[in-house]
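Below is target09.cif, holding mmCIF, C-alpha atoms and all ligand atoms.
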data_entry
#
loop_
_atom_site.label_atom_id
_atom_site.label_comp_id
_atom_site.auth_asym_id
_atom_site.auth_seq_id
_atom_site.Cartn_x
_atom_site.Cartn_y
_atom_site.Cartn_z
CA MET A 91 40.90 71.55 -36.90
CA THR A 92 40.40 68.30 -38.81
CA ASN A 93 37.56 67.73 -41.26
CA GLU A 94 36.72 64.35 -39.77
CA ASN A 95 33.81 64.15 -37.40
CA ALA A 96 34.59 63.98 -33.69
CA THR A 97 34.07 60.61 -32.06
CA VAL A 98 32.31 59.75 -28.82
CA GLU A 99 35.71 58.63 -27.48
CA GLN A 100 37.24 62.04 -28.22
CA LEU A 101 34.36 63.75 -26.44
CA ALA A 102 34.64 61.44 -23.43
CA LYS A 103 38.38 62.12 -23.17
CA ALA A 104 37.84 65.90 -23.19
CA ILE A 105 35.34 65.91 -20.31
CA ARG A 106 37.15 66.98 -17.16
CA ASP A 107 36.46 65.47 -13.74
CA ILE A 108 36.33 67.99 -10.89
CA PRO A 109 36.19 66.24 -7.50
CA ASP A 110 34.06 67.71 -4.70
CA PHE A 111 32.28 70.33 -6.83
CA PRO A 112 29.88 71.95 -6.07
CA GLN A 113 29.92 70.00 -2.81
CA PRO A 114 32.00 67.28 -1.16
CA GLY A 115 31.41 63.82 -2.64
CA ILE A 116 30.27 64.99 -6.09
CA LEU A 117 32.53 64.23 -9.07
CA PHE A 118 31.51 67.04 -11.40
CA LYS A 119 31.70 66.38 -15.15
CA ASP A 120 33.03 69.62 -16.64
CA ILE A 121 31.94 69.96 -20.29
CA THR A 122 33.61 73.34 -20.93
CA PRO A 123 36.63 71.74 -22.70
CA VAL A 124 34.15 70.25 -25.20
CA LEU A 125 32.41 73.60 -25.70
CA SER A 126 35.60 75.59 -26.29
CA ASP A 127 36.95 73.19 -28.92
CA PRO A 128 35.34 73.88 -32.33
CA HIS A 129 35.81 70.31 -33.57
CA LEU A 130 34.41 68.73 -30.40
CA PHE A 131 31.50 71.13 -29.94
CA ALA A 132 30.35 70.79 -33.56
CA GLY A 133 30.92 67.04 -33.29
CA SER A 134 28.81 66.77 -30.15
CA ILE A 135 25.87 68.45 -31.91
CA ASP A 136 26.30 66.26 -35.00
CA LEU A 137 26.33 63.13 -32.83
CA LEU A 138 23.30 64.25 -30.82
CA THR A 139 21.22 65.05 -33.91
CA GLY A 140 22.62 62.79 -36.67
CA HIS A 141 19.72 60.32 -36.62
CA LEU A 142 17.06 63.05 -36.88
CA GLN A 143 15.92 64.62 -40.15
CA PRO A 144 15.84 68.44 -40.25
CA GLY A 145 12.17 69.43 -40.39
CA SER A 146 10.97 66.18 -38.76
CA ILE A 147 10.46 67.62 -35.29
CA ASP A 148 8.83 70.81 -34.04
CA ALA A 149 11.13 71.77 -31.17
CA VAL A 150 14.15 70.87 -29.13
CA VAL A 151 13.51 71.52 -25.44
CA GLY A 152 16.57 72.38 -23.33
CA ILE A 153 16.90 72.21 -19.56
CA ASP A 154 18.34 75.18 -17.61
CA ALA A 155 21.25 75.86 -17.88
CA ARG A 156 23.82 73.63 -19.59
CA GLY A 157 21.07 71.86 -21.53
CA PHE A 158 20.41 75.17 -23.34
CA ILE A 159 23.84 75.07 -24.98
CA PHE A 160 23.27 71.74 -26.70
CA ALA A 161 19.53 72.15 -27.28
CA ALA A 162 19.83 75.54 -28.98
CA ALA A 163 22.59 74.35 -31.32
CA ALA A 164 20.62 71.16 -32.06
CA ALA A 165 17.48 73.20 -32.83
CA TYR A 166 19.46 75.35 -35.29
CA LYS A 167 20.82 72.23 -36.96
CA LEU A 168 17.37 70.58 -37.15
CA ARG A 169 15.70 73.79 -38.31
CA CYS A 170 13.12 73.67 -35.55
CA GLY A 171 12.17 75.76 -32.53
CA PHE A 172 14.02 75.92 -29.23
CA VAL A 173 12.07 75.84 -25.96
CA PRO A 174 13.66 76.58 -22.56
CA VAL A 175 12.64 74.74 -19.41
CA ARG A 176 13.83 77.16 -16.74
CA LYS A 177 14.25 77.36 -13.03
CA GLN A 178 11.23 78.77 -11.22
CA GLY A 179 10.76 82.54 -11.40
CA LYS A 180 12.77 83.13 -14.58
CA LEU A 181 10.11 82.90 -17.31
CA PRO A 182 8.08 86.09 -17.79
CA TYR A 183 4.72 84.71 -19.04
CA ARG A 184 2.29 82.15 -17.50
CA THR A 185 3.93 78.86 -16.68
CA TYR A 186 3.36 75.26 -15.70
CA GLU A 187 5.63 74.31 -12.84
CA GLN A 188 6.96 71.00 -11.59
CA ARG A 189 8.67 70.38 -8.27
CA TYR A 190 11.09 67.51 -7.78
CA ASP A 191 13.18 66.24 -4.92
CA LEU A 192 16.94 66.58 -4.69
CA GLU A 193 19.18 64.65 -2.31
CA TYR A 194 18.81 67.62 0.05
CA GLY A 195 15.73 69.79 -0.51
CA SER A 196 13.80 70.31 -3.72
CA ASN A 197 13.83 72.26 -6.97
CA THR A 198 11.11 73.65 -9.23
CA ILE A 199 11.28 74.03 -13.00
CA ALA A 200 8.87 75.82 -15.31
CA VAL A 201 7.81 76.13 -18.94
CA HIS A 202 5.57 78.68 -20.67
CA ILE A 203 2.04 77.31 -21.07
CA ASP A 204 2.13 78.14 -24.81
CA ALA A 205 5.76 77.13 -25.47
CA VAL A 206 4.76 74.44 -27.99
CA LYS A 207 1.40 73.49 -29.48
CA PRO A 208 -0.32 70.31 -28.22
CA GLY A 209 0.57 67.38 -30.47
CA SER A 210 3.99 68.81 -31.35
CA ARG A 211 6.89 66.41 -31.73
CA VAL A 212 9.76 67.37 -29.45
CA VAL A 213 13.13 66.12 -28.25
CA LEU A 214 14.20 66.90 -24.69
CA VAL A 215 17.91 67.62 -24.17
CA ASP A 216 20.16 68.07 -21.15
CA ASP A 217 23.91 67.86 -20.69
CA LEU A 218 23.92 65.06 -18.12
CA LEU A 219 21.66 62.35 -16.69
CA ALA A 220 22.43 61.67 -13.03
CA THR A 221 19.51 60.54 -10.82
CA GLY A 222 16.97 61.52 -13.49
CA GLY A 223 15.05 63.86 -11.20
CA THR A 224 15.54 66.91 -13.40
CA ALA A 225 14.79 65.25 -16.73
CA GLY A 226 11.86 63.33 -15.25
CA ALA A 227 10.32 66.56 -14.00
CA ALA A 228 10.92 68.23 -17.38
CA ALA A 229 9.26 65.30 -19.15
CA ASN A 230 6.24 65.65 -16.84
CA LEU A 231 6.03 69.35 -17.63
CA LEU A 232 6.07 68.64 -21.36
CA GLN A 233 3.31 66.09 -20.98
CA ARG A 234 1.16 68.83 -19.46
CA LEU A 235 1.66 70.76 -22.72
CA GLY A 236 0.27 67.74 -24.59
CA VAL A 237 3.35 67.21 -26.75
CA GLU A 238 4.85 63.97 -28.02
CA ILE A 239 8.32 63.38 -26.56
CA LEU A 240 10.23 61.49 -29.24
CA GLU A 241 13.28 61.02 -27.05
CA VAL A 242 15.17 62.33 -24.06
CA THR A 243 18.81 62.89 -25.02
CA PHE A 244 21.94 63.55 -22.97
CA LEU A 245 25.57 64.19 -23.76
CA ILE A 246 26.55 62.24 -20.62
CA GLU A 247 24.89 59.53 -18.54
CA LEU A 248 26.15 58.49 -15.11
CA SER A 249 24.75 54.97 -15.39
CA PHE A 250 25.54 53.99 -11.77
CA LEU A 251 22.85 56.48 -10.63
CA HIS A 252 20.14 54.65 -12.63
CA GLY A 253 18.48 57.86 -13.88
CA ARG A 254 16.80 55.95 -16.70
CA GLU A 255 14.45 54.43 -14.15
CA ARG A 256 12.93 57.90 -13.63
CA LEU A 257 12.36 58.18 -17.39
CA LYS A 258 10.45 54.96 -17.93
CA GLY A 259 8.17 55.17 -20.94
CA PHE A 260 10.44 57.56 -22.85
CA PRO A 261 13.17 56.56 -25.28
CA VAL A 262 16.44 57.66 -23.61
CA ARG A 263 19.67 58.26 -25.57
CA SER A 264 23.04 59.24 -24.18
CA LEU A 265 26.26 59.70 -26.12
CA ILE A 266 28.79 59.08 -23.36
CA VAL A 267 28.16 56.64 -20.54
CA PHE A 268 30.33 56.69 -17.39
P1 LIG B 301 19.71 64.67 -11.91
O1 LIG B 301 18.44 65.43 -11.73
O2 LIG B 301 20.21 64.03 -10.64
O3 LIG B 301 19.65 63.69 -13.06
O4 LIG B 301 20.85 65.73 -12.25
C1 LIG B 301 20.98 66.23 -13.55
C2 LIG B 301 21.26 67.70 -13.57
O5 LIG B 301 22.24 68.07 -12.61
C3 LIG B 301 21.81 68.06 -14.92
O6 LIG B 301 21.17 69.26 -15.36
C4 LIG B 301 23.30 68.25 -14.72
O7 LIG B 301 23.74 69.42 -15.35
C5 LIG B 301 23.50 68.35 -13.21
N1 LIG B 301 24.45 67.35 -12.66
C6 LIG B 301 24.15 66.35 -11.79
N2 LIG B 301 25.23 65.64 -11.47
C7 LIG B 301 26.25 66.18 -12.16
C8 LIG B 301 27.67 65.88 -12.27
N3 LIG B 301 28.24 64.87 -11.60
N4 LIG B 301 28.43 66.65 -13.09
C9 LIG B 301 27.86 67.66 -13.78
N5 LIG B 301 26.56 68.00 -13.72
C10 LIG B 301 25.76 67.27 -12.92
#
Rewrite the structure from the file as structure tokens, please.
Ligand code: AMP
Amino acid sequence: MTNENATVEQLAKAIRDIPDFPQPGILFKDITPVLSDPHLFAGSIDLLTGHLQPGSIDAVVGIDARGFIFAAAAAYKLRCGFVPVRKQGKLPYRTYEQRYDLEYGSNTIAVHIDAVKPGSRVVLVDDLLATGGTAGAAANLLQRLGVEILEVTFLIELSFLHGRERLKGFPVRSLIVF
């Protein structure tokens, strides 16, 4: 393991393309080679959080499930709370829920009504921005909690799917753009 920080190029190279997963026509971006490499995983968290001061935000919010991996590590690094946005039916206490459309069917995500105090400063994190449906729904949920979303951050953005258009009004950052 080298002492130098990982670069965005190194991260991009490590992401593995899996054609036709989980269904025909989808080119799945497999991040597990980044996670299993100590240099790349630490580097991805450093790159995601480097511009933020520890103590300057109240929580990092992660989206079920791969968003949790990056959001929890980022929250540790920034010395702030971690908040999970989960799939419907998984959170034990009272929740706000938000439904959003998928290409086929729909999905519902949820957050605890007391997950963060109104007025808190939060960053929303997921592994990948595709159509923006998931992150857009998560941002709507957070607005119902009355928090300030400083930015919506992704490891990967599939720019040809124009997901940013579903996140208008929020600063969007992505490390790797395909
Ligand atoms: P979307 O709501 O279309 O922006 O999709 C984003 C969510 O679906 C993220 O939580 C991703 O983990 C997952 N996702 C969508 N497309 C892909 C892909 N090509 N490879 C890996 N994950 C994907």
(request) Rounded to one decimal place, report the atom CA of A:Leu251-atom CA of A:Glu193 distance in Å. (result)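 Separation of atom CA of A:Leu251 and atom CA of A:Glu193: 12.2 Å.
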Might you pull out every residue within 10 Å of stretch 170-181 of chain A, with only C-alpha atoms counted and same-chain residues fewer than 6 positions away left off, and present them as a PDB file with C-alpha atoms, in the coordinates of the input?
ATOM      1  CA  PRO A 144      15.840  68.440 -40.250  1.00  0.00           C
ATOM      2  CA  GLY A 145      12.170  69.430 -40.390  1.00  0.00           C
ATOM      3  CA  SER A 146      10.970  66.180 -38.760  1.00  0.00           C
ATOM      4  CA  ILE A 147      10.460  67.620 -35.290  1.00  0.00           C
ATOM      5  CA  ASP A 148       8.830  70.810 -34.040  1.00  0.00           C
ATOM      6  CA  ALA A 149      11.130  71.770 -31.170  1.00  0.00           C
ATOM      7  CA  VAL A 150      14.150  70.870 -29.130  1.00  0.00           C
ATOM      8  CA  VAL A 151      13.510  71.520 -25.440  1.00  0.00           C
ATOM      9  CA  GLY A 152      16.570  72.380 -23.330  1.00  0.00           C
ATOM     10  CA  ILE A 153      16.900  72.210 -19.560  1.00  0.00           C
ATOM     11  CA  ASP A 154      18.340  75.180 -17.610  1.00  0.00           C
ATOM     12  CA  ALA A 155      21.250  75.860 -17.880  1.00  0.00           C
ATOM     13  CA  GLY A 157      21.070  71.860 -21.530  1.00  0.00           C
ATOM     14  CA  PHE A 158      20.410  75.170 -23.340  1.00  0.00           C
ATOM     15  CA  ALA A 161      19.530  72.150 -27.280  1.00  0.00           C
ATOM     16  CA  ALA A 162      19.830  75.540 -28.980  1.00  0.00           C
ATOM     17  CA  ALA A 163      22.590  74.350 -31.320  1.00  0.00           C
ATOM     18  CA  ALA A 164      20.620  71.160 -32.060  1.00  0.00           C
ATOM     19  CA  GLU A 187       5.630  74.310 -12.840  1.00  0.00           C
ATOM     20  CA  GLN A 188       6.960  71.000 -11.590  1.00  0.00           C
ATOM     21  CA  ARG A 189       8.670  70.380  -8.270  1.00  0.00           C
ATOM     22  CA  ASN A 197      13.830  72.260  -6.970  1.00  0.00           C
ATOM     23  CA  THR A 198      11.110  73.650  -9.230  1.00  0.00           C
ATOM     24  CA  ILE A 199      11.280  74.030 -13.000  1.00  0.00           C
ATOM     25  CA  ALA A 200       8.870  75.820 -15.310  1.00  0.00           C
ATOM     26  CA  VAL A 201       7.810  76.130 -18.940  1.00  0.00           C
ATOM     27  CA  HIS A 202       5.570  78.680 -20.670  1.00  0.00           C
ATOM     28  CA  ALA A 205       5.760  77.130 -25.470  1.00  0.00           C
ATOM     29  CA  VAL A 206       4.760  74.440 -27.990  1.00  0.00           C
ATOM     30  CA  VAL A 212       9.760  67.370 -29.450  1.00  0.00           C
ATOM     31  CA  VAL A 213      13.130  66.120 -28.250  1.00  0.00           C
ATOM     32  CA  LEU A 214      14.200  66.900 -24.690  1.00  0.00           C
ATOM     33  CA  ALA A 228      10.920  68.230 -17.380  1.00  0.00           C
ATOM     34  CA  LEU A 231       6.030  69.350 -17.630  1.00  0.00           C
ATOM     35  CA  LEU A 232       6.070  68.640 -21.360  1.00  0.00           C
TER      36      LEU A 232
END
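If you look at atom CA of A:Val237 and atom N4 of ligand LIG 301 (chain B), they are 28.6 Å away from each other.
The two atoms in question, atom CA of A:Thr185 and atom CA of A:Glu238, are spaced 18.7 Å apart.
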(request) Return the single residue from A:Arg106, A:Lys119, A:His129, A:Lys167 that is closest to ligand LIG 301 (chain B), with distances computed using all atoms listed in the file. (result)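 Looking only at the distances to ligand LIG 301 (chain B), the closest residue turns out to be A:Lys119.
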Within 7 Å of ligand LIG 301 (chain B), counting only C-alpha atoms and all ligand atoms, which protein or nucleic acid residues do you find, written as a PDB file with C-alpha atoms, in the coordinates of the input?
ATOM      1  CA  ILE A 116      30.270  64.990  -6.090  1.00  0.00           C
ATOM      2  CA  LEU A 117      32.530  64.230  -9.070  1.00  0.00           C
ATOM      3  CA  PHE A 118      31.510  67.040 -11.400  1.00  0.00           C
ATOM      4  CA  LYS A 119      31.700  66.380 -15.150  1.00  0.00           C
ATOM      5  CA  ASP A 120      33.030  69.620 -16.640  1.00  0.00           C
ATOM      6  CA  ILE A 153      16.900  72.210 -19.560  1.00  0.00           C
ATOM      7  CA  ASP A 154      18.340  75.180 -17.610  1.00  0.00           C
ATOM      8  CA  ARG A 156      23.820  73.630 -19.590  1.00  0.00           C
ATOM      9  CA  GLY A 157      21.070  71.860 -21.530  1.00  0.00           C
ATOM     10  CA  ASP A 216      20.160  68.070 -21.150  1.00  0.00           C
ATOM     11  CA  ASP A 217      23.910  67.860 -20.690  1.00  0.00           C
ATOM     12  CA  LEU A 218      23.920  65.060 -18.120  1.00  0.00           C
ATOM     13  CA  LEU A 219      21.660  62.350 -16.690  1.00  0.00           C
ATOM     14  CA  ALA A 220      22.430  61.670 -13.030  1.00  0.00           C
ATOM     15  CA  THR A 221      19.510  60.540 -10.820  1.00  0.00           C
ATOM     16  CA  GLY A 222      16.970  61.520 -13.490  1.00  0.00           C
ATOM     17  CA  GLY A 223      15.050  63.860 -11.200  1.00  0.00           C
ATOM     18  CA  THR A 224      15.540  66.910 -13.400  1.00  0.00           C
ATOM     19  CA  ALA A 225      14.790  65.250 -16.730  1.00  0.00           C
ATOM     20  CA  GLY A 253      18.480  57.860 -13.880  1.00  0.00           C
TER      21      GLY A 253
END
(request) Name all residues at most 12 Å from A:Ile121 (count all atoms listed in the file; drop same-chain ones fewer than 5 positions away) and give them as an MDAnalysis selection string. (result) chainID A and resid 101:108 126:127 130:131 134 156:157 159:160 216:218 245:246 266
9 Å contact set for A:Gly236, all atoms listed in the file, chain neighbours under 5 positions out, as a compact mmCIF listing (two decimals) with C-alpha atoms, keeping the file's coordinate frame:
# COMPACT_ATOMS: atom_id res chain seq x y z
CA VAL A 206 4.76 74.44 -27.99
CA LYS A 207 1.40 73.49 -29.48
CA PRO A 208 -0.32 70.31 -28.22
CA GLY A 209 0.57 67.38 -30.47
CA SER A 210 3.99 68.81 -31.35
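Minimum atom-to-atom distances from A:Phe111, A:Ser249, A:Ala132, A:Leu257 to A:Asn230 were compared using all atoms listed in the file, and the lowest value belongs to A:Leu257.
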(message) For a quick check of understanding, using only C-alpha atoms, which of A:Phe244, A:Leu192, A:Gly133, A:Val215 has the smallest distance to A:Ala165?
(response) A:Val215
(message) My list of candidates is A:Val242, A:Leu235, A:Leu142, A:Ala96. Which is closest to A:Ile203 when distances are computed with all atoms listed in the file?
(response)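 When distances to A:Ile203 are compared using all atoms listed in the file, the smallest one comes from A:Leu235.
Residue nearest A:Arg169 within the list A:Gly226, A:Thr139, A:Phe268, A:Glu99: A:Thr139 [criterion: smallest interatomic distance, all atoms listed in the file].
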(message) Set the distance at 8 Å and use only C-alpha atoms: which residues neighbour A:Phe260 once local chain neighbours fewer than 6 positions away are removed? I'd like the list as number ranges by chain.
(response) A: 239-242
Would you save the residues from that selection as an mmCIF file, keeping the file's coordinate frame, using C-alpha atoms?
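Below is the file selection-v3.cif, written as the result:
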data_model
loop_
_atom_site.group_PDB
_atom_site.id
_atom_site.type_symbol
_atom_site.label_atom_id
_atom_site.label_comp_id
_atom_site.auth_asym_id
_atom_site.auth_seq_id
_atom_site.Cartn_x
_atom_site.Cartn_y
_atom_site.Cartn_z
ATOM 1 C CA ILE A 239 8.320 63.380 -26.560
ATOM 2 C CA LEU A 240 10.230 61.490 -29.240
ATOM 3 C CA GLU A 241 13.280 61.020 -27.050
ATOM 4 C CA VAL A 242 15.170 62.330 -24.060
#
(request) Using all atoms listed in the file, find the one residue out of A:Asp204, A:Leu168, A:Ser264, A:Gln143 that sits nearest to A:Arg184. (result)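 Result for the nearest residue to A:Arg184: A:Asp204.
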